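What follows is the content of query_16.txt (compact mmCIF, C-alpha atoms and all ligand atoms).
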```txt
# COMPACT_ATOMS: atom_id res chain seq x y z
CA MET A 1 -104.01 -93.34 -67.43
CA SER A 2 -102.38 -96.68 -66.59
CA LEU A 3 -104.51 -99.81 -66.29
CA LEU A 4 -103.77 -99.86 -62.54
CA SER A 5 -104.91 -96.24 -62.06
CA SER A 6 -108.06 -96.64 -64.17
CA THR A 7 -108.95 -99.86 -62.34
CA VAL A 8 -108.52 -98.28 -58.90
CA ALA A 9 -110.59 -95.30 -60.09
CA ALA A 10 -113.39 -97.63 -61.28
CA ILE A 11 -113.84 -99.26 -57.85
CA ARG A 12 -116.94 -97.89 -56.13
CA PRO A 13 -118.46 -98.68 -52.75
CA ALA A 14 -121.33 -101.15 -52.42
CA ASP A 15 -124.85 -100.04 -53.40
CA ALA A 16 -126.61 -99.39 -50.08
CA ALA A 17 -130.11 -99.58 -51.57
CA ALA A 18 -129.58 -103.06 -53.07
CA ALA A 19 -128.04 -104.23 -49.79
CA ALA A 20 -131.02 -102.87 -47.84
CA GLN A 21 -133.42 -104.67 -50.21
CA ALA A 22 -131.56 -107.94 -49.59
CA ARG A 23 -131.64 -107.39 -45.81
CA ASP A 24 -135.38 -106.78 -45.98
CA ARG A 25 -135.95 -109.90 -48.11
CA GLN A 26 -133.88 -112.06 -45.71
CA ALA A 27 -136.28 -110.95 -42.93
CA ARG A 28 -139.34 -111.98 -44.97
CA MET A 29 -138.07 -115.37 -46.23
CA THR A 30 -139.75 -118.55 -44.89
CA LYS A 31 -137.26 -119.16 -42.08
CA PRO A 32 -136.68 -117.64 -38.67
CA ALA A 33 -134.91 -114.29 -39.11
CA GLY A 34 -131.14 -114.70 -38.82
CA SER A 35 -131.25 -118.50 -39.10
CA LEU A 36 -128.91 -118.55 -42.11
CA GLY A 37 -126.23 -116.80 -40.05
CA VAL A 38 -123.17 -115.83 -42.05
CA LEU A 39 -124.94 -116.74 -45.33
CA GLU A 40 -127.44 -113.92 -44.77
CA ASP A 41 -124.67 -111.33 -44.41
CA LEU A 42 -122.90 -112.79 -47.44
CA SER A 43 -126.01 -112.53 -49.65
CA ILE A 44 -126.54 -108.93 -48.50
CA ARG A 45 -122.92 -108.06 -49.34
CA LEU A 46 -123.21 -109.66 -52.78
CA ALA A 47 -126.43 -107.74 -53.51
CA GLY A 48 -124.63 -104.51 -52.57
CA LEU A 49 -121.72 -105.46 -54.83
CA ALA A 50 -123.95 -106.27 -57.82
CA GLY A 51 -126.21 -103.27 -57.20
CA GLU A 52 -129.30 -105.49 -57.52
CA CYS A 53 -131.38 -107.81 -55.37
CA PRO A 54 -131.10 -110.69 -55.83
CA PRO A 55 -127.56 -110.52 -57.24
CA PRO A 56 -126.61 -112.86 -60.13
CA LEU A 57 -125.72 -116.41 -59.11
CA PRO A 58 -121.92 -116.58 -58.70
CA GLU A 59 -121.48 -119.02 -61.57
CA PRO A 60 -119.77 -120.02 -63.73
CA ALA A 61 -116.73 -119.78 -61.48
CA ALA A 62 -113.08 -119.57 -62.50
CA VAL A 63 -109.95 -120.22 -60.42
CA ALA A 64 -106.86 -118.37 -61.63
CA VAL A 65 -103.64 -119.98 -60.40
CA PHE A 66 -100.85 -117.38 -60.56
CA ALA A 67 -97.38 -118.95 -60.52
CA GLY A 68 -94.08 -117.27 -59.67
CA ASP A 69 -90.68 -117.97 -58.16
CA HIS A 70 -88.74 -116.27 -55.38
CA GLY A 71 -85.15 -115.12 -55.04
CA VAL A 72 -85.43 -115.57 -51.27
CA HIS A 73 -85.45 -119.33 -51.98
CA ALA A 74 -81.62 -119.01 -51.83
CA GLN A 75 -81.90 -118.36 -48.07
CA GLY A 76 -83.05 -121.94 -47.35
CA VAL A 77 -86.63 -121.09 -46.33
CA THR A 78 -88.28 -124.21 -47.80
CA PRO A 79 -87.23 -127.83 -48.28
CA TRP A 80 -88.52 -127.88 -51.89
CA PRO A 81 -86.39 -127.14 -54.95
CA GLN A 82 -87.42 -124.13 -57.02
CA GLU A 83 -88.13 -126.16 -60.16
CA VAL A 84 -91.18 -127.68 -58.43
CA THR A 85 -93.07 -124.45 -59.26
CA GLY A 86 -92.78 -125.04 -63.03
CA GLN A 87 -93.37 -128.78 -62.61
CA MET A 88 -96.60 -128.08 -60.70
CA VAL A 89 -97.67 -125.65 -63.45
CA ALA A 90 -97.41 -128.60 -65.86
CA ASN A 91 -99.40 -130.70 -63.37
CA PHE A 92 -102.19 -128.05 -63.17
CA LEU A 93 -102.37 -128.00 -66.98
CA ALA A 94 -102.57 -131.80 -67.07
CA GLY A 95 -105.40 -131.70 -64.48
CA GLY A 96 -103.44 -133.64 -61.86
CA ALA A 97 -103.25 -131.29 -58.85
CA VAL A 98 -105.56 -131.04 -55.83
CA VAL A 99 -107.04 -127.79 -57.11
CA ASN A 100 -108.05 -129.57 -60.35
CA ALA A 101 -109.84 -132.30 -58.37
CA PHE A 102 -111.67 -129.79 -56.17
CA ALA A 103 -112.54 -127.55 -59.12
CA ALA A 104 -113.99 -130.54 -60.99
CA GLN A 105 -116.12 -131.33 -57.93
CA MET A 106 -117.44 -127.76 -57.70
CA GLY A 107 -117.82 -127.08 -61.42
CA ALA A 108 -115.15 -124.36 -61.61
CA SER A 109 -112.64 -123.90 -64.43
CA VAL A 110 -108.90 -123.61 -63.74
CA THR A 111 -106.77 -121.02 -65.57
CA VAL A 112 -103.02 -121.23 -65.05
CA VAL A 113 -100.99 -118.04 -65.39
CA ASP A 114 -97.17 -117.90 -65.54
CA VAL A 115 -96.50 -114.45 -64.11
CA GLY A 116 -93.01 -115.18 -62.80
CA VAL A 117 -91.92 -118.81 -63.01
CA ALA A 118 -88.13 -119.33 -63.11
CA VAL A 119 -88.21 -122.58 -65.08
CA PRO A 120 -91.60 -122.78 -66.82
CA PRO A 121 -92.72 -125.93 -68.60
CA ALA A 122 -92.55 -126.06 -72.39
CA ALA A 123 -95.45 -123.99 -73.76
CA GLY A 124 -98.37 -126.27 -73.04
CA ALA A 125 -101.98 -126.18 -74.02
CA GLY A 126 -103.82 -123.62 -71.97
CA LEU A 127 -100.97 -121.87 -70.14
CA LEU A 128 -101.39 -118.10 -70.04
CA GLU A 129 -97.84 -116.90 -70.61
CA ARG A 130 -97.63 -113.50 -68.95
CA ASN A 131 -94.17 -113.84 -67.40
CA VAL A 132 -92.89 -110.47 -66.09
CA ARG A 133 -89.52 -111.89 -64.99
CA ARG A 134 -88.14 -115.35 -64.23
CA GLY A 135 -88.56 -115.10 -60.47
CA THR A 136 -88.01 -112.24 -58.03
CA ARG A 137 -84.70 -111.10 -56.52
CA ASP A 138 -83.69 -112.05 -52.97
CA MET A 139 -85.54 -109.63 -50.67
CA THR A 140 -82.88 -109.93 -47.97
CA VAL A 141 -80.35 -108.39 -50.40
CA GLU A 142 -82.38 -105.97 -52.55
CA PRO A 143 -85.99 -105.22 -53.50
CA ALA A 144 -87.62 -108.36 -54.89
CA MET A 145 -88.94 -106.38 -57.85
CA THR A 146 -88.58 -102.95 -59.37
CA ARG A 147 -91.64 -100.75 -59.11
CA ASP A 148 -92.27 -101.24 -62.85
CA GLU A 149 -92.13 -105.02 -62.49
CA ALA A 150 -94.57 -104.92 -59.58
CA VAL A 151 -97.00 -102.74 -61.55
CA ALA A 152 -96.64 -105.02 -64.60
CA ALA A 153 -97.50 -108.07 -62.45
CA ILE A 154 -100.48 -106.25 -60.85
CA GLU A 155 -101.71 -105.43 -64.34
CA VAL A 156 -101.39 -109.09 -65.38
CA GLY A 157 -103.83 -109.90 -62.57
CA ILE A 158 -106.22 -107.11 -63.56
CA THR A 159 -106.19 -108.27 -67.19
CA VAL A 160 -106.83 -111.92 -66.26
CA ALA A 161 -109.82 -110.83 -64.12
CA GLN A 162 -111.18 -108.74 -66.99
CA GLU A 163 -110.73 -111.61 -69.46
CA LEU A 164 -112.48 -114.13 -67.20
CA VAL A 165 -115.42 -111.77 -66.61
CA ALA A 166 -115.62 -111.00 -70.35
CA ALA A 167 -115.81 -114.77 -70.92
CA GLY A 168 -118.91 -114.86 -68.71
CA HIS A 169 -117.56 -115.87 -65.29
CA ARG A 170 -119.48 -114.48 -62.31
CA ALA A 171 -117.20 -115.70 -59.51
CA LEU A 172 -113.41 -115.40 -59.49
CA LEU A 173 -111.23 -117.47 -57.16
CA THR A 174 -107.57 -116.86 -56.34
CA GLY A 175 -104.94 -119.58 -56.65
CA ASP A 176 -101.14 -119.54 -56.30
CA MET A 177 -98.08 -121.67 -56.93
CA GLY A 178 -94.59 -120.58 -55.96
CA ILE A 179 -92.03 -122.45 -53.90
CA ALA A 180 -90.94 -120.14 -51.01
CA ASN A 181 -93.99 -117.92 -51.35
CA THR A 182 -95.10 -118.34 -47.72
CA THR A 183 -91.92 -116.40 -46.80
CA ALA A 184 -92.90 -113.48 -49.03
CA SER A 185 -96.45 -113.73 -47.68
CA ALA A 186 -95.21 -113.45 -44.09
CA ALA A 187 -93.09 -110.42 -44.98
CA LEU A 188 -96.06 -108.74 -46.69
CA VAL A 189 -98.37 -109.38 -43.72
CA ALA A 190 -95.78 -107.99 -41.31
CA ALA A 191 -95.18 -104.93 -43.52
CA PHE A 192 -98.88 -104.14 -43.95
CA THR A 193 -100.09 -104.90 -40.42
CA GLY A 194 -97.04 -104.05 -38.31
CA ALA A 195 -97.11 -107.54 -36.75
CA ASP A 196 -93.85 -109.07 -35.59
CA ALA A 197 -92.08 -111.53 -37.93
CA ALA A 198 -92.47 -114.32 -35.37
CA ALA A 199 -96.25 -113.82 -35.23
CA VAL A 200 -96.73 -114.20 -38.99
CA THR A 201 -94.10 -116.71 -40.11
CA GLY A 202 -95.25 -120.33 -40.29
CA ALA A 203 -94.27 -123.81 -41.38
CA GLY A 204 -95.35 -123.38 -45.01
CA THR A 205 -94.98 -126.72 -46.80
CA GLY A 206 -93.80 -128.21 -43.51
CA VAL A 207 -90.38 -126.96 -42.50
CA ASP A 208 -88.58 -128.22 -39.38
CA ALA A 209 -87.96 -126.08 -36.29
CA GLU A 210 -84.49 -125.04 -37.46
CA THR A 211 -85.78 -123.93 -40.87
CA LEU A 212 -88.70 -122.08 -39.26
CA ALA A 213 -86.26 -120.14 -37.07
CA ARG A 214 -84.16 -119.29 -40.15
CA LYS A 215 -87.28 -118.32 -42.11
CA THR A 216 -88.44 -116.01 -39.31
CA ASP A 217 -85.00 -114.39 -39.25
CA VAL A 218 -85.11 -113.97 -43.04
CA VAL A 219 -88.46 -112.16 -42.75
CA ARG A 220 -87.09 -109.97 -39.95
CA ARG A 221 -83.94 -109.13 -41.95
CA ALA A 222 -85.93 -108.32 -45.09
CA LEU A 223 -88.20 -105.94 -43.16
CA ALA A 224 -85.20 -104.24 -41.54
CA ARG A 225 -83.42 -104.03 -44.93
CA HIS A 226 -86.28 -102.11 -46.56
CA GLY A 227 -87.30 -99.90 -43.64
CA ARG A 228 -90.76 -98.44 -43.22
CA LEU A 229 -92.56 -98.33 -46.54
CA THR A 230 -95.93 -96.67 -46.93
CA ASP A 231 -96.73 -96.98 -50.63
CA PRO A 232 -98.46 -100.37 -51.24
CA VAL A 233 -96.74 -100.90 -54.62
CA GLU A 234 -93.36 -100.25 -52.97
CA VAL A 235 -94.18 -102.82 -50.29
CA LEU A 236 -95.07 -105.41 -52.94
CA ALA A 237 -91.91 -104.58 -54.87
CA ALA A 238 -89.68 -104.80 -51.78
CA VAL A 239 -90.84 -108.06 -50.19
CA GLY A 240 -93.63 -109.52 -52.34
CA GLY A 241 -93.76 -112.00 -55.19
CA LEU A 242 -94.88 -111.69 -58.78
CA GLU A 243 -97.87 -113.95 -57.98
CA HIS A 244 -98.73 -111.79 -54.94
CA ALA A 245 -98.75 -108.68 -57.12
CA ALA A 246 -100.86 -110.46 -59.76
CA ILE A 247 -103.35 -111.65 -57.13
CA ALA A 248 -103.61 -108.09 -55.76
CA GLY A 249 -104.43 -106.97 -59.32
CA PHE A 250 -106.89 -109.84 -59.75
CA VAL A 251 -108.77 -108.64 -56.63
CA LEU A 252 -108.80 -105.05 -57.92
CA GLY A 253 -109.94 -106.22 -61.36
CA ALA A 254 -112.80 -108.28 -59.88
CA ALA A 255 -113.90 -105.35 -57.69
CA ALA A 256 -113.88 -102.95 -60.64
CA GLU A 257 -116.05 -105.47 -62.56
CA ARG A 258 -118.29 -105.85 -59.46
CA VAL A 259 -117.81 -109.63 -59.50
CA PRO A 260 -117.11 -111.45 -56.22
CA VAL A 261 -113.59 -112.77 -55.66
CA ILE A 262 -113.04 -115.64 -53.22
CA LEU A 263 -109.65 -115.62 -51.52
CA ASP A 264 -107.62 -118.74 -50.85
CA GLY A 265 -104.94 -118.89 -48.13
CA VAL A 266 -102.04 -116.82 -46.83
CA ILE A 267 -100.69 -115.89 -50.27
CA ALA A 268 -104.08 -114.41 -51.26
CA GLY A 269 -104.59 -112.88 -47.81
CA SER A 270 -101.27 -111.06 -47.98
CA ALA A 271 -101.97 -109.93 -51.57
CA ALA A 272 -105.42 -108.66 -50.50
CA LEU A 273 -103.70 -106.41 -47.93
CA ALA A 274 -101.95 -104.71 -50.85
CA ALA A 275 -105.19 -104.47 -52.87
CA ALA A 276 -107.06 -102.98 -49.90
CA ALA A 277 -104.28 -100.47 -49.30
CA LEU A 278 -104.57 -99.38 -52.95
CA ALA A 279 -108.40 -99.27 -53.02
CA PRO A 280 -110.17 -99.88 -49.68
CA ASP A 281 -113.57 -100.31 -51.37
CA CYS A 282 -112.30 -103.39 -53.20
CA LEU A 283 -113.08 -105.32 -50.01
CA ASP A 284 -116.79 -105.13 -50.87
CA ALA A 285 -116.03 -107.70 -53.59
CA VAL A 286 -113.87 -109.94 -51.39
CA VAL A 287 -114.97 -113.15 -49.67
CA ALA A 288 -112.48 -114.98 -47.42
CA GLY A 289 -112.84 -118.58 -48.60
CA HIS A 290 -111.03 -120.26 -45.74
CA ARG A 291 -108.44 -119.87 -43.01
CA SER A 292 -105.20 -121.79 -43.54
CA THR A 293 -102.96 -122.91 -40.68
CA GLU A 294 -100.31 -120.29 -41.57
CA PRO A 295 -100.31 -117.81 -38.66
CA GLY A 296 -99.93 -114.83 -41.00
CA HIS A 297 -103.21 -115.71 -42.66
CA GLY A 298 -105.27 -115.15 -39.52
CA VAL A 299 -103.44 -111.86 -38.91
CA ALA A 300 -104.17 -110.70 -42.47
CA LEU A 301 -107.87 -111.67 -42.30
CA GLU A 302 -108.29 -109.89 -38.99
CA HIS A 303 -106.65 -106.75 -40.37
CA LEU A 304 -108.98 -106.89 -43.38
CA GLY A 305 -112.05 -107.49 -41.18
CA LEU A 306 -112.91 -110.69 -43.07
CA THR A 307 -114.36 -113.87 -41.55
CA PRO A 308 -113.31 -117.09 -43.33
CA LEU A 309 -116.13 -119.38 -44.48
CA VAL A 310 -114.36 -122.68 -43.86
CA ASP A 311 -111.59 -123.69 -41.48
CA LEU A 312 -110.34 -127.19 -42.28
CA SER A 313 -106.65 -126.99 -41.26
CA LEU A 314 -105.63 -126.77 -44.91
CA ARG A 315 -102.10 -125.56 -45.70
CA LEU A 316 -101.82 -126.17 -49.41
CA GLY A 317 -102.63 -123.10 -51.49
CA GLU A 318 -103.28 -123.51 -55.27
CA GLY A 319 -106.80 -122.11 -54.68
CA THR A 320 -108.00 -125.25 -52.85
CA GLY A 321 -109.58 -123.45 -49.88
CA ALA A 322 -111.30 -120.91 -52.12
CA VAL A 323 -112.82 -123.68 -54.25
CA LEU A 324 -114.18 -125.47 -51.15
CA ALA A 325 -115.97 -122.25 -50.13
CA LEU A 326 -117.53 -121.70 -53.57
CA PRO A 327 -120.74 -123.74 -53.01
CA ILE A 328 -121.36 -121.85 -49.75
CA VAL A 329 -121.15 -118.53 -51.59
CA GLN A 330 -123.43 -119.86 -54.34
CA ALA A 331 -125.94 -121.26 -51.81
CA SER A 332 -126.17 -117.89 -50.05
CA VAL A 333 -127.32 -116.23 -53.30
CA ARG A 334 -129.51 -119.19 -54.30
CA ALA A 335 -131.41 -118.86 -51.00
CA LEU A 336 -131.94 -115.12 -51.38
CA ARG A 337 -133.14 -115.68 -54.95
CA ASP A 338 -135.32 -118.81 -54.67
CA VAL A 339 -136.76 -119.03 -51.14
CA ALA A 340 -140.40 -117.94 -50.82
CA THR A 341 -141.52 -115.18 -48.47
CA PHE A 342 -144.10 -115.70 -45.70
CA ASP A 343 -146.55 -113.69 -47.81
CA SER A 344 -145.99 -115.52 -51.12
CA ALA A 345 -146.05 -119.01 -49.54
CA GLY A 346 -148.94 -118.33 -47.14
CA VAL A 347 -146.88 -119.32 -44.11
CA THR A 348 -147.96 -117.72 -40.82
CA GLU A 349 -145.31 -115.56 -39.15
CA LYS A 350 -144.33 -115.92 -35.47
CA GLN A 351 -146.50 -114.12 -32.91
C1 LIG A 401 -95.77 -130.47 -54.47
C2 LIG A 401 -96.29 -129.12 -53.98
C3 LIG A 401 -97.55 -128.69 -54.39
C4 LIG A 401 -98.03 -127.47 -53.92
N1 LIG A 401 -99.18 -126.84 -54.15
C5 LIG A 401 -99.18 -125.71 -53.47
N2 LIG A 401 -98.05 -125.58 -52.77
C6 LIG A 401 -97.80 -124.47 -51.86
O1 LIG A 401 -96.52 -124.54 -51.26
C7 LIG A 401 -95.67 -123.48 -51.66
C8 LIG A 401 -95.33 -122.58 -50.52
O2 LIG A 401 -94.70 -123.22 -49.46
P1 LIG A 401 -93.21 -122.85 -49.04
O3 LIG A 401 -93.17 -121.39 -48.78
O4 LIG A 401 -92.98 -123.67 -47.78
O5 LIG A 401 -92.30 -123.29 -50.16
C9 LIG A 401 -96.41 -122.73 -52.71
O6 LIG A 401 -96.02 -123.15 -53.99
C10 LIG A 401 -97.85 -123.06 -52.42
O7 LIG A 401 -98.73 -122.84 -53.44
C11 LIG A 401 -97.31 -126.68 -53.02
C12 LIG A 401 -96.04 -127.11 -52.61
C13 LIG A 401 -95.52 -128.31 -53.09
C14 LIG A 401 -94.16 -128.76 -52.65
O1 LIG A 402 -102.00 -120.67 -46.67
C1 LIG A 402 -101.74 -121.29 -47.70
O2 LIG A 402 -102.48 -121.20 -48.69
C2 LIG A 402 -100.48 -122.11 -47.82
C3 LIG A 402 -99.88 -122.67 -46.71
C4 LIG A 402 -98.74 -123.43 -46.86
C5 LIG A 402 -98.20 -123.61 -48.12
N1 LIG A 402 -98.78 -123.07 -49.17
C6 LIG A 402 -99.90 -122.32 -49.04
```

For the file at hand, write its structure as structure tokens.
Amino acid sequence: MSLLSSTVAAIRPADAAAAAQARDRQARMTKPAGSLGVLEDLSIRLAGLAGECPPPLPEPAAVAVFAGDHGVHAQGVTPWPQEVTGQMVANFLAGGAVVNAFAAQMGASVTVVDVGVAVPPAAGAGLLERNVRRGTRDMTVEPAMTRDEAVAAIEVGITVAQELVAAGHRALLTGDMGIANTTASAALVAAFTGADAAAVTGAGTGVDAETLARKTDVVRRALARHGRLTDPVEVLAAVGGLEHAAIAGFVLGAAAERVPVILDGVIAGSAALAAAALAPDCLDAVVAGHRSTEPGHGVALEHLGLTPLVDLSLRLGEGTGAVLALPIVQASVRALRDVATFDSAGVTEKQ
């Protein structure tokens, strides 16, 4: 059996008994019932995922930044040159990017994975070199990847998740780097949700009105070029990116390991649509870290039935929004684990 098939087969639904235990404990903790709002639901979900109440604290945490380039860059969908992807990979490794600063603040490690960079930096300390090909093909002309390339990139993501869990991590966070990848993200969201190109295509790194119109047309042409696709791997291969495929695999790998995975922005949201189409139960492991300003991100989250934890008008990627949500996820478990009950603390309950 392939790694993808065995991983999908290993994904099981949440444990209802552990979730019920967590729900019961939330009602007995020394606070008015329901007063922790979304954090109560989150702790119940994480208990169901772990199959025990309380679940393990989601730490240590690891961000995996998957980097890849895009043939659709040739269509003028972003003002940034393609070589910025590889240059930013070097910046992540040197600790100089925003995700490094946020990860240092939150006590998370940063792992950088070259799954499809066109011009990678010279082999540097710490880079996971798992390059499947040096960038995708132009989706407006032909499928961005072959099916085999898409599966290989998915399996890179699964393997990285397995390696991080084997190293002791108990929270996985998605990160991305890939100039032009908001175009592929928009195409994936449209393909998986049926939304119109105009409803899911956004400004990305900050394109002008003319570029946004061209980008929307590129997404529309790519969707028309590939027709209606139903198989999730075919969708990824047609209009996705190597980092999208790897992030889909990373989500599946985390779910199979029953470790929570916190999603970043539109790149992760669009990749999660593919993961959920391959194994719907993987969503029990998924936490939406934040909502980015990209319109396709809100559409993806709604389709997945996920509520983002923070909404700070970020539009960066790299894993930054996922890292900001990490302490909220950790606090939800800490409360379930450490807060006394009315009985144990001798606090009188309401009449
Ligand atoms: C310096 C720099 C750092 C970044 N960090 C993340 N992105 C983000 O922007 C890119 C997607 O936007 P678009 O589709 O408009 O090209 C991705 O690489 C994403 O991670 C960056 C972009 C730049 C330029
Ligand atoms: O939603 C995101 O994460 C995003 C938005 C713009 C550019 N890069 C990433």

Once 8 Å is added on each side, what are the centre and the three edge lengths, in Å to one decimal, of the axis-aligned box enclosing the listed atoms of ligand LIG 401 (chain A)? Present them as JSON.
```
{"center_x": -95.7, "center_y": -125.9, "center_z": -51.1, "size_x": 22.9, "size_y": 25.1, "size_z": 22.7}
```

Quick one: residues within 7 Å of A:Ala171, all atoms listed in the file counted, chain neighbours fewer than 6 positions away excluded, as a short mmCIF file (atom, residue, chain, number, x, y, z; two decimals) with C-alpha atoms, keeping the file's coordinate frame?
```cif
data_model
loop_
_atom_site.label_atom_id
_atom_site.label_comp_id
_atom_site.auth_asym_id
_atom_site.auth_seq_id
_atom_site.Cartn_x
_atom_site.Cartn_y
_atom_site.Cartn_z
CA PRO A 58 -121.92 -116.58 -58.70
CA GLU A 59 -121.48 -119.02 -61.57
CA PRO A 60 -119.77 -120.02 -63.73
CA ALA A 61 -116.73 -119.78 -61.48
CA ALA A 62 -113.08 -119.57 -62.50
CA VAL A 259 -117.81 -109.63 -59.50
CA PRO A 260 -117.11 -111.45 -56.22
CA VAL A 261 -113.59 -112.77 -55.66
#
```

Long-range neighbours of stretch 194-202 of chain A as JSON, numbers by chain, 12 Å cut-off, all atoms listed in the file, 6 positions minimum in chain: {"A": [77, 78, 180, 181, 182, 183, 184, 185, 186, 187, 188, 208, 209, 211, 212, 213, 214, 215, 216, 217, 218, 219, 220, 221, 222, 223, 224, 227, 228, 229, 230, 266, 269, 270, 273, 292, 293, 294, 295, 296, 297, 298, 299, 300, 301, 302, 303, 315]}

Residue nearest A:Asp311 among A:Arg225, A:Arg25, A:His290, A:Arg147 (counting only C-alpha atoms):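 That would be A:His290, the residue with the smallest distance to A:Asp311.
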
For chain A against ligand LIG 401 (chain A), with a cut-off of 8 Å and counting only C-alpha atoms and all ligand atoms, what is the closest atom pair and its distance in Å to one decimal for every residue that makes the cut, ordered by chain and number, as a Markdown table?
```
| residue | atom | partner | partner_atom | distance |
| --- | --- | --- | --- | --- |
| A:Ala67 | CA | A:LIG401 | O6 | 7.9 |
| A:Val77 | CA | A:LIG401 | O3 | 7.0 |
| A:Thr78 | CA | A:LIG401 | O4 | 4.7 |
| A:Pro79 | CA | A:LIG401 | O5 | 7.1 |
| A:Trp80 | CA | A:LIG401 | C14 | 5.8 |
| A:Val84 | CA | A:LIG401 | C14 | 6.6 |
| A:Thr85 | CA | A:LIG401 | O6 | 6.2 |
| A:Met88 | CA | A:LIG401 | C3 | 6.4 |
| A:Ala97 | CA | A:LIG401 | N1 | 7.6 |
| A:Val98 | CA | A:LIG401 | N1 | 7.8 |
| A:Gly175 | CA | A:LIG401 | O7 | 7.7 |
| A:Asp176 | CA | A:LIG401 | O7 | 5.0 |
| A:Met177 | CA | A:LIG401 | O7 | 3.7 |
| A:Gly178 | CA | A:LIG401 | O6 | 3.5 |
| A:Ile179 | CA | A:LIG401 | O5 | 3.8 |
| A:Ala180 | CA | A:LIG401 | O3 | 3.4 |
| A:Asn181 | CA | A:LIG401 | O3 | 4.4 |
| A:Thr182 | CA | A:LIG401 | O3 | 3.8 |
| A:Thr183 | CA | A:LIG401 | O3 | 5.5 |
| A:Ala184 | CA | A:LIG401 | O3 | 7.9 |
| A:Ala203 | CA | A:LIG401 | O4 | 6.5 |
| A:Gly204 | CA | A:LIG401 | O4 | 3.7 |
| A:Thr205 | CA | A:LIG401 | O4 | 3.8 |
| A:Gly206 | CA | A:LIG401 | O4 | 6.3 |
| A:Val207 | CA | A:LIG401 | O4 | 6.7 |
| A:Ile267 | CA | A:LIG401 | O7 | 7.9 |
| A:Arg315 | CA | A:LIG401 | C6 | 7.6 |
| A:Leu316 | CA | A:LIG401 | C5 | 4.9 |
| A:Gly317 | CA | A:LIG401 | O7 | 4.4 |
| A:Glu318 | CA | A:LIG401 | O7 | 4.9 |
```

Residue nearest ligand LIG 402 (chain A) among A:Ala150, A:Leu314, A:Ala14, A:Val323 (counting only C-alpha atoms and all ligand atoms):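 Checking each candidate against ligand LIG 402 (chain A), we get A:Leu314 as the closest.
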
Best match for closeness to A:Ala16 among A:Leu304, A:Val233, A:Asp138, A:Asp284, counting only C-alpha atoms: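 Of all the options, A:Asp284 lies closest to A:Ala16.
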
Show me that you can extract stretch 310-323 of chain A, keeping N, CA and C atoms, and write it as a PDB file, in the first residue's frame.
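Final output, saved to out34.pdb:
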```
ATOM      1  N   VAL A 310      -8.266  33.566  15.351  1.00  0.00           N
ATOM      2  CA  VAL A 310      -7.932  34.998  15.369  1.00  0.00           C
ATOM      3  C   VAL A 310      -8.172  35.597  13.985  1.00  0.00           C
ATOM      4  N   ASP A 311      -8.466  36.887  13.982  1.00  0.00           N
ATOM      5  CA  ASP A 311      -8.805  37.586  12.739  1.00  0.00           C
ATOM      6  C   ASP A 311      -8.174  38.968  12.834  1.00  0.00           C
ATOM      7  N   LEU A 312      -6.935  39.074  12.344  1.00  0.00           N
ATOM      8  CA  LEU A 312      -6.140  40.288  12.568  1.00  0.00           C
ATOM      9  C   LEU A 312      -5.751  40.976  11.256  1.00  0.00           C
ATOM     10  N   SER A 313      -6.524  40.713  10.192  1.00  0.00           N
ATOM     11  CA  SER A 313      -6.238  41.313   8.881  1.00  0.00           C
ATOM     12  C   SER A 313      -4.840  40.978   8.371  1.00  0.00           C
ATOM     13  N   LEU A 314      -4.338  39.811   8.751  1.00  0.00           N
ATOM     14  CA  LEU A 314      -3.036  39.378   8.227  1.00  0.00           C
ATOM     15  C   LEU A 314      -3.212  38.927   6.778  1.00  0.00           C
ATOM     16  N   ARG A 315      -2.176  39.141   5.975  1.00  0.00           N
ATOM     17  CA  ARG A 315      -2.153  38.578   4.609  1.00  0.00           C
ATOM     18  C   ARG A 315      -0.700  38.296   4.254  1.00  0.00           C
ATOM     19  N   LEU A 316      -0.092  37.452   5.084  1.00  0.00           N
ATOM     20  CA  LEU A 316       1.334  37.170   4.895  1.00  0.00           C
ATOM     21  C   LEU A 316       1.614  35.715   4.538  1.00  0.00           C
ATOM     22  N   GLY A 317       1.011  34.780   5.261  1.00  0.00           N
ATOM     23  CA  GLY A 317       1.406  33.385   5.055  1.00  0.00           C
ATOM     24  C   GLY A 317       2.606  33.035   5.927  1.00  0.00           C
ATOM     25  N   GLU A 318       3.439  32.099   5.472  1.00  0.00           N
ATOM     26  CA  GLU A 318       4.632  31.605   6.188  1.00  0.00           C
ATOM     27  C   GLU A 318       4.282  30.744   7.395  1.00  0.00           C
ATOM     28  N   GLY A 319       3.017  30.788   7.857  1.00  0.00           N
ATOM     29  CA  GLY A 319       2.643  30.141   9.112  1.00  0.00           C
ATOM     30  C   GLY A 319       2.363  31.151  10.220  1.00  0.00           C
ATOM     31  N   THR A 320       2.451  32.448   9.888  1.00  0.00           N
ATOM     32  CA  THR A 320       2.360  33.498  10.923  1.00  0.00           C
ATOM     33  C   THR A 320       1.031  33.470  11.689  1.00  0.00           C
ATOM     34  N   GLY A 321      -0.074  33.294  10.967  1.00  0.00           N
ATOM     35  CA  GLY A 321      -1.383  33.294  11.630  1.00  0.00           C
ATOM     36  C   GLY A 321      -1.582  32.055  12.485  1.00  0.00           C
ATOM     37  N   ALA A 322      -1.034  30.940  12.041  1.00  0.00           N
ATOM     38  CA  ALA A 322      -1.136  29.699  12.826  1.00  0.00           C
ATOM     39  C   ALA A 322      -0.357  29.845  14.133  1.00  0.00           C
ATOM     40  N   VAL A 323       0.825  30.461  14.057  1.00  0.00           N
ATOM     41  CA  VAL A 323       1.655  30.606  15.257  1.00  0.00           C
ATOM     42  C   VAL A 323       0.967  31.525  16.275  1.00  0.00           C
TER      43      VAL A 323
END
```
